[in-house]
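A.B. asks: What follows is start.cif, mmCIF, C-alpha atoms.
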```cif
data_input
loop_
_atom_site.label_atom_id
_atom_site.label_comp_id
_atom_site.auth_asym_id
_atom_site.auth_seq_id
_atom_site.Cartn_x
_atom_site.Cartn_y
_atom_site.Cartn_z
CA MET A 882 -104.26 59.78 -63.46
CA ARG A 883 -101.80 61.64 -65.67
CA MET A 884 -99.66 62.56 -62.67
CA ASN A 885 -99.78 58.96 -61.48
CA SER A 886 -98.53 57.73 -64.85
CA ARG A 887 -95.65 60.20 -64.66
CA VAL A 888 -94.79 59.10 -61.14
CA TYR A 889 -94.82 55.43 -62.16
CA ALA A 890 -92.66 56.25 -65.18
CA ALA A 891 -90.17 58.01 -62.89
CA GLY A 892 -90.24 55.00 -60.60
CA GLY A 893 -89.45 52.76 -63.56
CA ALA A 894 -86.59 55.05 -64.55
CA THR A 895 -85.24 54.82 -61.00
CA ILE A 896 -85.28 51.04 -61.20
CA ALA A 897 -83.51 51.20 -64.57
CA ILE A 898 -80.75 53.37 -63.08
CA PHE A 899 -80.20 50.86 -60.28
CA VAL A 900 -79.98 48.01 -62.77
CA LEU A 901 -77.55 50.01 -64.90
CA VAL A 902 -75.29 50.72 -61.91
CA GLN A 903 -75.33 47.06 -60.88
CA ILE A 904 -74.59 45.74 -64.37
CA GLY A 905 -71.88 48.35 -64.82
CA ALA A 906 -70.26 47.30 -61.54
CA LEU A 907 -70.23 43.69 -62.73
CA VAL A 908 -68.71 44.68 -66.06
CA LEU A 909 -65.96 46.62 -64.29
CA VAL A 910 -65.01 43.91 -61.77
CA GLU A 911 -62.50 42.08 -63.96
CA PRO A 912 -61.03 45.19 -65.69
CA PHE A 913 -60.48 46.88 -62.33
CA GLN A 914 -58.78 43.80 -60.92
CA SER A 915 -56.61 43.42 -64.04
CA ALA A 916 -55.65 47.10 -63.88
CA GLY A 917 -54.46 46.69 -60.28
CA TYR A 918 -57.18 48.89 -58.80
CA GLN A 919 -57.70 46.61 -55.81
CA PRO A 920 -56.47 48.89 -53.00
CA VAL A 921 -56.17 46.32 -50.17
CA GLU A 922 -53.91 43.29 -49.80
CA ASN A 923 -56.47 41.12 -47.98
CA PRO A 924 -60.05 41.86 -49.06
CA ALA A 925 -61.38 39.23 -46.63
CA ASN A 926 -60.10 41.12 -43.59
CA PRO A 927 -63.20 42.43 -41.74
CA THR A 928 -61.22 45.44 -40.47
CA ASN A 929 -61.46 46.78 -44.02
CA THR A 930 -65.09 47.50 -43.21
CA LEU A 931 -64.01 49.78 -40.39
CA LEU A 932 -61.76 51.76 -42.71
CA TYR A 933 -64.55 52.30 -45.22
CA LEU A 934 -66.99 53.25 -42.46
CA LEU A 935 -64.54 55.78 -41.09
CA GLY A 936 -64.26 57.23 -44.57
CA VAL A 937 -68.04 57.51 -44.89
CA PHE A 938 -68.44 59.10 -41.46
CA ALA A 939 -65.55 61.49 -42.05
CA ALA A 940 -66.94 62.62 -45.41
CA THR A 941 -70.36 63.14 -43.84
CA GLY A 942 -68.87 65.15 -40.98
CA VAL A 943 -66.78 67.33 -43.31
CA MET A 944 -69.78 68.16 -45.51
CA LEU A 945 -72.09 68.92 -42.57
CA THR A 946 -69.43 71.17 -41.05
CA ALA A 947 -68.89 72.92 -44.37
CA PHE A 948 -72.62 73.56 -44.77
CA ARG A 949 -72.86 74.86 -41.21
CA PHE A 950 -70.08 77.40 -41.72
CA GLY A 951 -71.08 78.44 -45.21
CA ALA A 952 -68.26 76.64 -47.03
CA ASP A 953 -70.60 75.18 -49.65
CA ARG A 954 -68.22 76.07 -52.48
CA LEU A 955 -65.52 73.87 -50.95
CA VAL A 956 -67.88 70.87 -50.95
CA HIS A 957 -68.85 71.66 -54.53
CA VAL A 958 -65.23 71.71 -55.71
CA LEU A 959 -64.36 68.53 -53.84
CA ILE A 960 -67.33 66.59 -55.22
CA VAL A 961 -66.79 67.77 -58.78
CA GLY A 962 -63.11 66.87 -58.54
CA SER A 963 -63.96 63.47 -57.10
CA SER A 964 -66.49 62.84 -59.85
CA ALA A 965 -63.89 63.61 -62.51
CA PHE A 966 -61.34 61.36 -60.80
CA LEU A 967 -63.73 58.42 -60.43
CA SER A 968 -65.04 58.88 -63.98
CA TYR A 969 -61.46 58.66 -65.19
CA TYR A 970 -60.98 55.41 -63.27
CA VAL A 971 -64.02 53.91 -64.98
CA LEU A 972 -63.34 55.22 -68.47
CA SER A 973 -59.65 54.31 -68.36
CA VAL A 974 -60.49 50.60 -68.29
CA VAL A 975 -63.18 50.69 -70.96
CA LEU A 976 -61.70 53.15 -73.47
CA PRO A 977 -58.54 52.57 -75.52
CA SER A 978 -55.19 53.80 -74.21
CA PHE A 979 -52.00 54.79 -75.99
CA GLY A 980 -48.82 52.91 -75.18
CA THR A 981 -48.30 50.13 -72.65
CA GLY A 982 -47.00 49.72 -69.12
CA ILE A 983 -46.04 52.69 -66.99
CA GLY A 984 -45.88 55.00 -69.98
CA ALA A 985 -49.45 54.26 -71.08
CA THR A 986 -51.71 57.27 -71.39
CA HIS A 987 -55.49 57.36 -71.29
CA LEU A 988 -56.19 60.52 -73.26
CA PRO A 989 -59.79 59.65 -74.22
CA ALA A 990 -60.69 58.86 -70.61
CA ALA A 991 -58.93 61.98 -69.32
CA GLY A 992 -60.56 64.18 -71.95
CA ILE A 993 -64.09 62.93 -71.32
CA SER A 994 -63.64 63.16 -67.54
CA LEU A 995 -62.50 66.76 -67.89
CA VAL A 996 -65.45 67.62 -70.10
CA LEU A 997 -67.86 66.09 -67.59
CA ALA A 998 -66.31 68.07 -64.73
CA ILE A 999 -66.59 71.31 -66.71
CA ALA A 1000 -70.20 70.51 -67.58
CA LEU A 1001 -70.98 70.11 -63.88
CA PHE A 1002 -69.60 73.57 -63.18
CA VAL A 1003 -71.17 75.30 -66.17
CA TYR A 1004 -74.51 73.55 -66.73
CA PRO A 1005 -75.52 71.12 -63.93
CA GLU A 1006 -78.78 69.98 -65.51
CA TRP A 1007 -80.39 66.76 -64.32
CA TYR A 1008 -79.26 64.62 -67.26
CA ILE A 1009 -75.64 65.68 -66.80
CA ILE A 1010 -75.80 64.96 -63.08
CA ASP A 1011 -77.43 61.58 -63.69
CA THR A 1012 -74.92 60.60 -66.38
CA ILE A 1013 -71.96 61.38 -64.14
CA GLY A 1014 -73.70 59.84 -61.13
CA ILE A 1015 -74.27 56.57 -62.97
CA ILE A 1016 -70.62 56.43 -64.05
CA MET A 1017 -69.51 57.19 -60.50
CA GLY A 1018 -71.92 54.61 -59.10
CA MET A 1019 -70.60 51.88 -61.39
CA GLY A 1020 -67.02 52.73 -60.50
CA ALA A 1021 -67.54 53.00 -56.76
CA ALA A 1022 -69.51 49.75 -56.58
CA GLY A 1023 -66.93 47.93 -58.69
CA LEU A 1024 -63.99 49.24 -56.67
CA PHE A 1025 -65.65 48.48 -53.34
CA GLY A 1026 -66.76 45.10 -54.66
CA ILE A 1027 -63.23 43.87 -55.42
CA SER A 1028 -61.86 45.50 -52.25
CA LEU A 1029 -64.31 44.01 -49.76
CA GLY A 1030 -64.67 40.26 -49.39
CA LEU A 1031 -68.00 38.69 -48.56
CA LEU A 1032 -67.90 39.19 -44.79
CA PRO A 1033 -66.61 42.79 -44.94
CA ALA A 1034 -69.19 43.66 -47.60
CA ILE A 1035 -72.08 42.22 -45.58
CA LEU A 1036 -70.85 43.99 -42.45
CA LEU A 1037 -70.58 47.28 -44.34
CA LEU A 1038 -74.10 47.03 -45.71
CA THR A 1039 -75.52 46.07 -42.32
CA VAL A 1040 -73.87 48.90 -40.39
CA LEU A 1041 -74.76 51.49 -43.04
CA ALA A 1042 -78.39 50.34 -43.05
CA VAL A 1043 -78.58 50.90 -39.29
CA TYR A 1044 -76.74 54.22 -39.60
CA ASP A 1045 -79.09 55.40 -42.35
CA ALA A 1046 -82.14 54.60 -40.24
CA ILE A 1047 -80.74 56.46 -37.23
CA SER A 1048 -79.63 59.47 -39.27
CA VAL A 1049 -83.05 59.81 -40.92
CA TYR A 1050 -85.45 58.92 -38.11
CA LYS A 1051 -83.53 60.01 -34.99
CA THR A 1052 -80.82 62.61 -35.52
CA GLU A 1053 -82.20 63.68 -38.94
CA HIS A 1054 -78.75 64.94 -39.95
CA MET A 1055 -79.01 62.94 -43.18
CA LEU A 1056 -81.89 65.21 -44.18
CA THR A 1057 -79.70 68.25 -43.57
CA LEU A 1058 -76.94 66.70 -45.64
CA ALA A 1059 -79.35 65.81 -48.45
CA SER A 1060 -80.68 69.36 -48.55
CA GLY A 1061 -77.19 70.80 -48.74
CA VAL A 1062 -76.00 68.64 -51.61
CA MET A 1063 -79.28 69.10 -53.51
CA ASP A 1064 -78.80 72.87 -53.39
CA LEU A 1065 -75.30 72.46 -54.84
CA LYS A 1066 -76.60 70.40 -57.77
CA ILE A 1067 -73.86 67.78 -57.74
CA PRO A 1068 -73.99 64.03 -58.54
CA VAL A 1069 -74.37 62.92 -54.95
CA VAL A 1070 -78.12 62.90 -55.53
CA LEU A 1071 -79.61 61.46 -58.72
CA VAL A 1072 -82.56 63.32 -60.24
CA ILE A 1073 -85.40 61.54 -62.04
CA PRO A 1074 -87.85 64.14 -63.44
CA LEU A 1075 -91.55 63.57 -63.94
CA THR A 1076 -91.50 65.42 -67.28
CA LEU A 1077 -88.83 66.07 -69.90
CA SER A 1078 -89.45 69.80 -69.53
CA TYR A 1079 -88.30 69.71 -65.90
CA SER A 1080 -85.19 71.79 -65.22
CA TYR A 1081 -83.06 71.07 -62.17
CA ILE A 1082 -81.11 74.28 -62.77
CA ASP A 1083 -84.25 76.41 -62.60
CA SER A 1084 -85.85 74.52 -59.72
CA PRO A 1085 -86.02 76.30 -56.33
CA PRO A 1086 -83.63 75.25 -53.56
CA GLU A 1087 -84.64 71.92 -52.07
CA ARG A 1088 -84.98 71.72 -48.31
CA MET A 1089 -85.59 68.43 -46.54
CA ASP A 1090 -84.63 69.49 -43.04
CA GLN A 1091 -87.17 72.23 -42.39
CA THR A 1092 -90.74 72.02 -41.14
CA ASP A 1093 -93.71 74.36 -41.37
CA GLU A 1094 -93.97 76.28 -38.12
CA ASN A 1095 -97.71 76.75 -38.60
CA GLU A 1096 -98.37 73.02 -38.57
CA GLU A 1097 -98.27 70.64 -35.67
CA SER A 1098 -94.93 68.94 -35.20
CA GLU A 1099 -96.13 65.42 -35.96
CA GLU A 1100 -97.92 66.41 -39.18
CA SER A 1101 -94.98 68.57 -40.24
CA ASN A 1102 -92.51 65.74 -39.83
CA GLU A 1103 -94.80 63.50 -41.86
CA ASN A 1104 -94.87 65.93 -44.78
CA GLU A 1105 -91.40 67.47 -44.80
CA ALA A 1106 -88.90 65.03 -43.31
CA GLU A 1107 -88.87 62.86 -46.41
CA THR A 1108 -86.77 59.84 -47.15
CA ALA A 1109 -83.10 60.41 -47.74
CA ALA A 1110 -83.47 57.97 -50.62
CA ALA A 1111 -86.05 59.87 -52.64
CA GLY A 1112 -88.08 63.06 -52.52
CA SER A 1113 -91.86 63.40 -52.81
CA PRO A 1114 -92.43 63.54 -56.58
CA ASP A 1115 -95.79 65.31 -56.60
CA SER A 1116 -94.53 68.41 -54.76
CA ARG A 1117 -90.98 68.57 -56.15
CA GLY A 1118 -91.43 67.61 -59.78
CA ALA A 1119 -88.90 64.80 -59.62
CA PHE A 1120 -87.63 61.82 -57.67
CA PHE A 1121 -84.41 62.49 -55.77
CA ILE A 1122 -82.42 59.44 -54.79
CA GLY A 1123 -79.05 59.36 -53.09
CA LEU A 1124 -76.23 57.96 -55.18
CA GLY A 1125 -75.11 55.95 -52.16
CA ASP A 1126 -78.46 54.14 -52.17
CA ALA A 1127 -77.60 52.77 -55.61
CA VAL A 1128 -73.94 52.09 -54.78
CA MET A 1129 -74.08 50.29 -51.44
CA PRO A 1130 -76.23 47.26 -52.36
CA SER A 1131 -74.33 47.03 -55.66
CA VAL A 1132 -71.14 46.52 -53.66
CA LEU A 1133 -72.46 43.16 -52.50
CA VAL A 1134 -73.52 42.30 -56.05
CA ALA A 1135 -69.95 42.88 -57.27
CA SER A 1136 -68.38 41.19 -54.25
CA ALA A 1137 -70.57 38.10 -54.68
CA ALA A 1138 -69.61 37.81 -58.35
CA PHE A 1139 -65.91 38.30 -57.61
CA PHE A 1140 -65.32 36.33 -54.40
CA LEU A 1141 -67.91 33.55 -54.26
CA PRO A 1142 -66.78 30.54 -56.33
CA THR A 1143 -69.92 29.86 -58.37
CA ALA A 1144 -70.26 29.43 -62.12
CA PRO A 1145 -71.20 32.50 -64.18
CA LEU A 1146 -74.65 32.47 -65.72
CA VAL A 1147 -73.34 34.08 -68.90
CA PRO A 1148 -69.92 33.06 -70.27
CA GLY A 1149 -67.46 35.94 -70.11
CA PHE A 1150 -69.66 38.05 -67.83
CA ALA A 1151 -69.24 38.21 -64.04
CA LEU A 1152 -72.85 37.39 -63.25
CA THR A 1153 -73.44 34.44 -60.94
CA LEU A 1154 -76.69 33.27 -59.40
CA PRO A 1155 -75.89 34.80 -55.96
CA ALA A 1156 -75.02 38.11 -57.67
CA LEU A 1157 -78.25 37.98 -59.67
CA THR A 1158 -80.40 37.25 -56.63
CA ALA A 1159 -78.65 40.08 -54.76
CA MET A 1160 -79.70 42.36 -57.62
CA ILE A 1161 -83.26 41.06 -57.46
CA GLY A 1162 -83.36 41.53 -53.68
CA THR A 1163 -82.16 45.11 -54.07
CA LEU A 1164 -84.83 45.85 -56.65
CA CYS A 1165 -87.53 44.33 -54.43
CA GLY A 1166 -86.45 46.69 -51.64
CA LEU A 1167 -86.39 49.58 -54.12
CA ILE A 1168 -89.93 48.88 -55.31
CA ILE A 1169 -91.17 48.93 -51.72
CA LEU A 1170 -89.26 52.15 -51.09
CA ILE A 1171 -90.71 53.83 -54.20
CA LYS A 1172 -94.21 52.80 -53.16
CA MET A 1173 -93.69 54.38 -49.74
CA VAL A 1174 -92.43 57.59 -51.33
CA MET A 1175 -95.46 57.72 -53.63
CA GLU A 1176 -97.68 57.50 -50.54
CA GLY A 1177 -95.83 60.40 -48.95
CA ARG A 1178 -94.27 58.28 -46.21
CA PRO A 1179 -90.75 59.20 -45.04
CA HIS A 1180 -88.30 56.35 -45.12
CA ALA A 1181 -84.57 55.66 -45.05
CA GLY A 1182 -83.40 53.85 -48.15
CA LEU A 1183 -80.56 51.56 -47.09
CA PRO A 1184 -82.45 49.34 -44.63
CA LEU A 1185 -84.68 48.13 -47.46
CA LEU A 1186 -82.05 48.21 -50.21
CA ASN A 1187 -79.16 46.66 -48.31
CA GLY A 1188 -81.46 44.24 -46.53
CA GLY A 1189 -82.92 43.10 -49.83
CA ALA A 1190 -79.45 42.65 -51.33
CA ILE A 1191 -78.23 40.56 -48.37
CA VAL A 1192 -81.32 38.33 -48.25
CA GLY A 1193 -81.29 37.87 -52.02
CA TYR A 1194 -77.59 37.04 -52.02
CA LEU A 1195 -77.94 34.43 -49.27
CA LEU A 1196 -80.89 32.82 -51.04
CA GLY A 1197 -78.94 32.63 -54.29
CA ALA A 1198 -75.91 31.18 -52.52
CA SER A 1199 -78.10 28.56 -50.86
CA VAL A 1200 -79.69 27.55 -54.17
CA SER A 1201 -76.17 27.33 -55.67
CA GLY A 1202 -75.23 24.82 -52.97
CA VAL A 1203 -72.90 27.14 -51.08
CA PRO A 1204 -72.86 26.51 -47.30
CA LEU A 1205 -74.04 29.45 -45.21
CA VAL A 1206 -70.68 29.83 -43.43
CA ARG A 1207 -68.92 30.12 -46.79
CA ALA A 1208 -71.52 32.53 -48.16
CA LEU A 1209 -71.00 34.74 -45.11
CA GLY A 1210 -67.21 34.60 -45.51
CA LEU A 1211 -66.74 32.93 -42.12
CA ILE A 1212 -64.64 29.94 -43.24
CA PRO A 1213 -61.26 31.56 -42.29
CA TYR A 1214 -62.51 32.13 -38.74
CA LEU A 1215 -63.85 28.63 -37.98
#
```
Kindly present the structure from the file in structure tokens form.
C.D. replies:
Amino acid sequence: MRMNSRVYAAGGATIAIFVLVQIGALVLVEPFQSAGYQPVENPANPTNTLLYLLGVFAATGVMLTAFRFGADRLVHVLIVGSSAFLSYYVLSVVLPSFGTGIGATHLPAAGISLVLAIALFVYPEWYIIDTIGIIMGMGAAGLFGISLGLLPAILLLTVLAVYDAISVYKTEHMLTLASGVMDLKIPVVLVIPLTLSYSYIDSPPERMDQTDENEESEESNENEAETAAAGSPDSRGAFFIGLGDAVMPSVLVASAAFFLPTAPLVPGFALTLPALTAMIGTLCGLIILIKMVMEGRPHAGLPLLNGGAIVGYLLGASVSGVPLVRALGLIPYL
């Protein structure tokens, strides 16, 4: 019973992290747009989805190749550098700057980002990883949200959900990737411990791509090839959830708030009904996913999370009186 209460508490903490990433992405939508952080000229162009997918596949291929040839340190340096860069992007729009225009400097943001990067190198404990991961998740979801219109965002979430299922259930290379990044202790995987005494630094290397040779293949796959979204809490002492699982559905939340012309629910805050229902749909998928993990069942995260976000968004758009073709971003093509 005590272990169950800890597992449920960790599940609740996981839900809280998702909500925090989603709210943070909504908060950052307007500041990012005002700061000129929108990297594409036409966010509604569906070919933008292809560019982002190529980036995801390329990053996955680079990391898998690096792990295969023992270049783990290179991946570690790249991820830590990327985390510092993305943290600076986020902090630069929420912390005060000195000066204006081109000569403006963001010393507080730069200083904090540098400290976080150093902390990752020196003491990558779970709370440091989670703090940086949440900041990165907010920033990535906000940036993707203002860069991808409704149709590109829905296409991205759909393709990645299919890819996640294939890479977990068929090729299983996502399990290899998850094991590699977990060993490096970097904020690509969020860590939710079952107890406050848990230490990610002192935990043994996590392997999700190996099976017990003494067990039958089917039983081994059931026990070891866990979800890429979260690890089995009873045996590992913590939930492990991919940062991308929190970011991807949040992209649609931010995109819905930014691109769909519906009234905000709270004045001055980019939260509309379709964005809210996308959040609720994501959390419904997350609750189902957590329940499956608690039962020891392997499962890919994005089919449930992205699927929940898309269904929730479309329901909210319908209730708001938005035609389906507009909600899907198809108006320019009809």
A.B. asks: Counting only C-alpha atoms, figure out which residue out of A:Gly905, A:Val975, A:Lys1051, A:Gly1118 gets nearest to Thr1076 (chain A).
C.D. replies: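 Of A:Gly905, A:Val975, A:Lys1051, A:Gly1118, the one nearest Thr1076 (chain A), counting only C-alpha atoms, is A:Gly1118.
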A.B. asks: Selection in question (the file shown): the PyMOL selection byres ((chain A and resi 1042) around 12). Which residues does it include, as a PyMOL selection string?
C.D. replies: chain A and resi 934+1035-1041+1043-1049+1110+1125-1126+1129-1130+1180-1191
A.B. asks: Have a look at A:Met1017, A:Val974, A:Ile1168, A:Ile1067 and name the one nearest to Val961 (chain A); count all atoms listed in the file.
C.D. replies: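 Answer, going by the shortest atom-to-atom distance: A:Ile1067.
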A.B. asks: Rounded to one decimal place, report the CA of Asn929 (chain A)-CA of Gln914 (chain A) distance in Å.
C.D. replies: 17.4 Å
A.B. asks: Out of A:Gly1030, A:Gly1166, A:Gly1061, A:Gly1149, which residue has the shortest atom-to-atom distance to Ile896 (chain A) when counting all atoms listed in the file?
C.D. replies: A:Gly1166
A.B. asks: Check which residues satisfy the PyMOL selection byres ((chain A and resi 935-950) around 9) in the file shown, then give them as a PyMOL selection string.
C.D. replies: chain A and resi 930-934+951-956+1054-1055+1057-1058+1061-1062
A.B. asks: When you count only C-alpha atoms, which of these residues is closest to Leu1157 (chain A): A:Phe1140, A:Gln903, A:Asn923, A:Pro1204?
C.D. replies: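 Among A:Phe1140, A:Gln903, A:Asn923, A:Pro1204, it is A:Gln903 that comes nearest to Leu1157 (chain A).
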A.B. asks: Do you have the CA of Tyr1079 (chain A)-CA of Ser1131 (chain A) distance handy?
C.D. replies: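 Distance reported for this atom pair: 28.5 Å.
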A.B. asks: Which is closest to Asp1064 (chain A) among A:Pro912, A:Val1132, A:His957, A:Ile1027, if we use only C-alpha atoms?
C.D. replies: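 Among the listed residues, the smallest separation from Asp1064 (chain A) belongs to A:His957.
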A.B. asks: Can you pull out every residue within 8 Å of Ile1013 (chain A), counting only C-alpha atoms, but drop anything in the same chain fewer than 5 positions away, and send it as an mmCIF file with C-alpha atoms, keeping the file's coordinate frame?
C.D. replies:
```
data_model
loop_
_atom_site.group_PDB
_atom_site.id
_atom_site.type_symbol
_atom_site.label_atom_id
_atom_site.label_comp_id
_atom_site.auth_asym_id
_atom_site.auth_seq_id
_atom_site.Cartn_x
_atom_site.Cartn_y
_atom_site.Cartn_z
ATOM 1 C CA SER A 964 -66.490 62.840 -59.850
ATOM 2 C CA SER A 968 -65.040 58.880 -63.980
ATOM 3 C CA LEU A 997 -67.860 66.090 -67.590
ATOM 4 C CA PRO A 1068 -73.990 64.030 -58.540
#
```
A.B. asks: Can you tell me how far CA of Pro920 (chain A) sits from CA of Ser1028 (chain A), in Å to one decimal?
C.D. replies: 6.4 Å
A.B. asks: May I ask which of the residues A:Leu1211, A:Ala965, A:Ala916, A:Ala1159 is the closest one to Leu1196 (chain A), counting only C-alpha atoms?
C.D. replies: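 So, comparing all the options, the nearest one is A:Ala1159.
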A.B. asks: List the residues selected by the PyMOL selection byres ((chain A and resi 1198-1203) around 12) in the file shown, writing them as number ranges by chain.
C.D. replies: A: 1031, 1134, 1137-1138, 1140-1146, 1153-1159, 1191-1197, 1204-1210, 1212
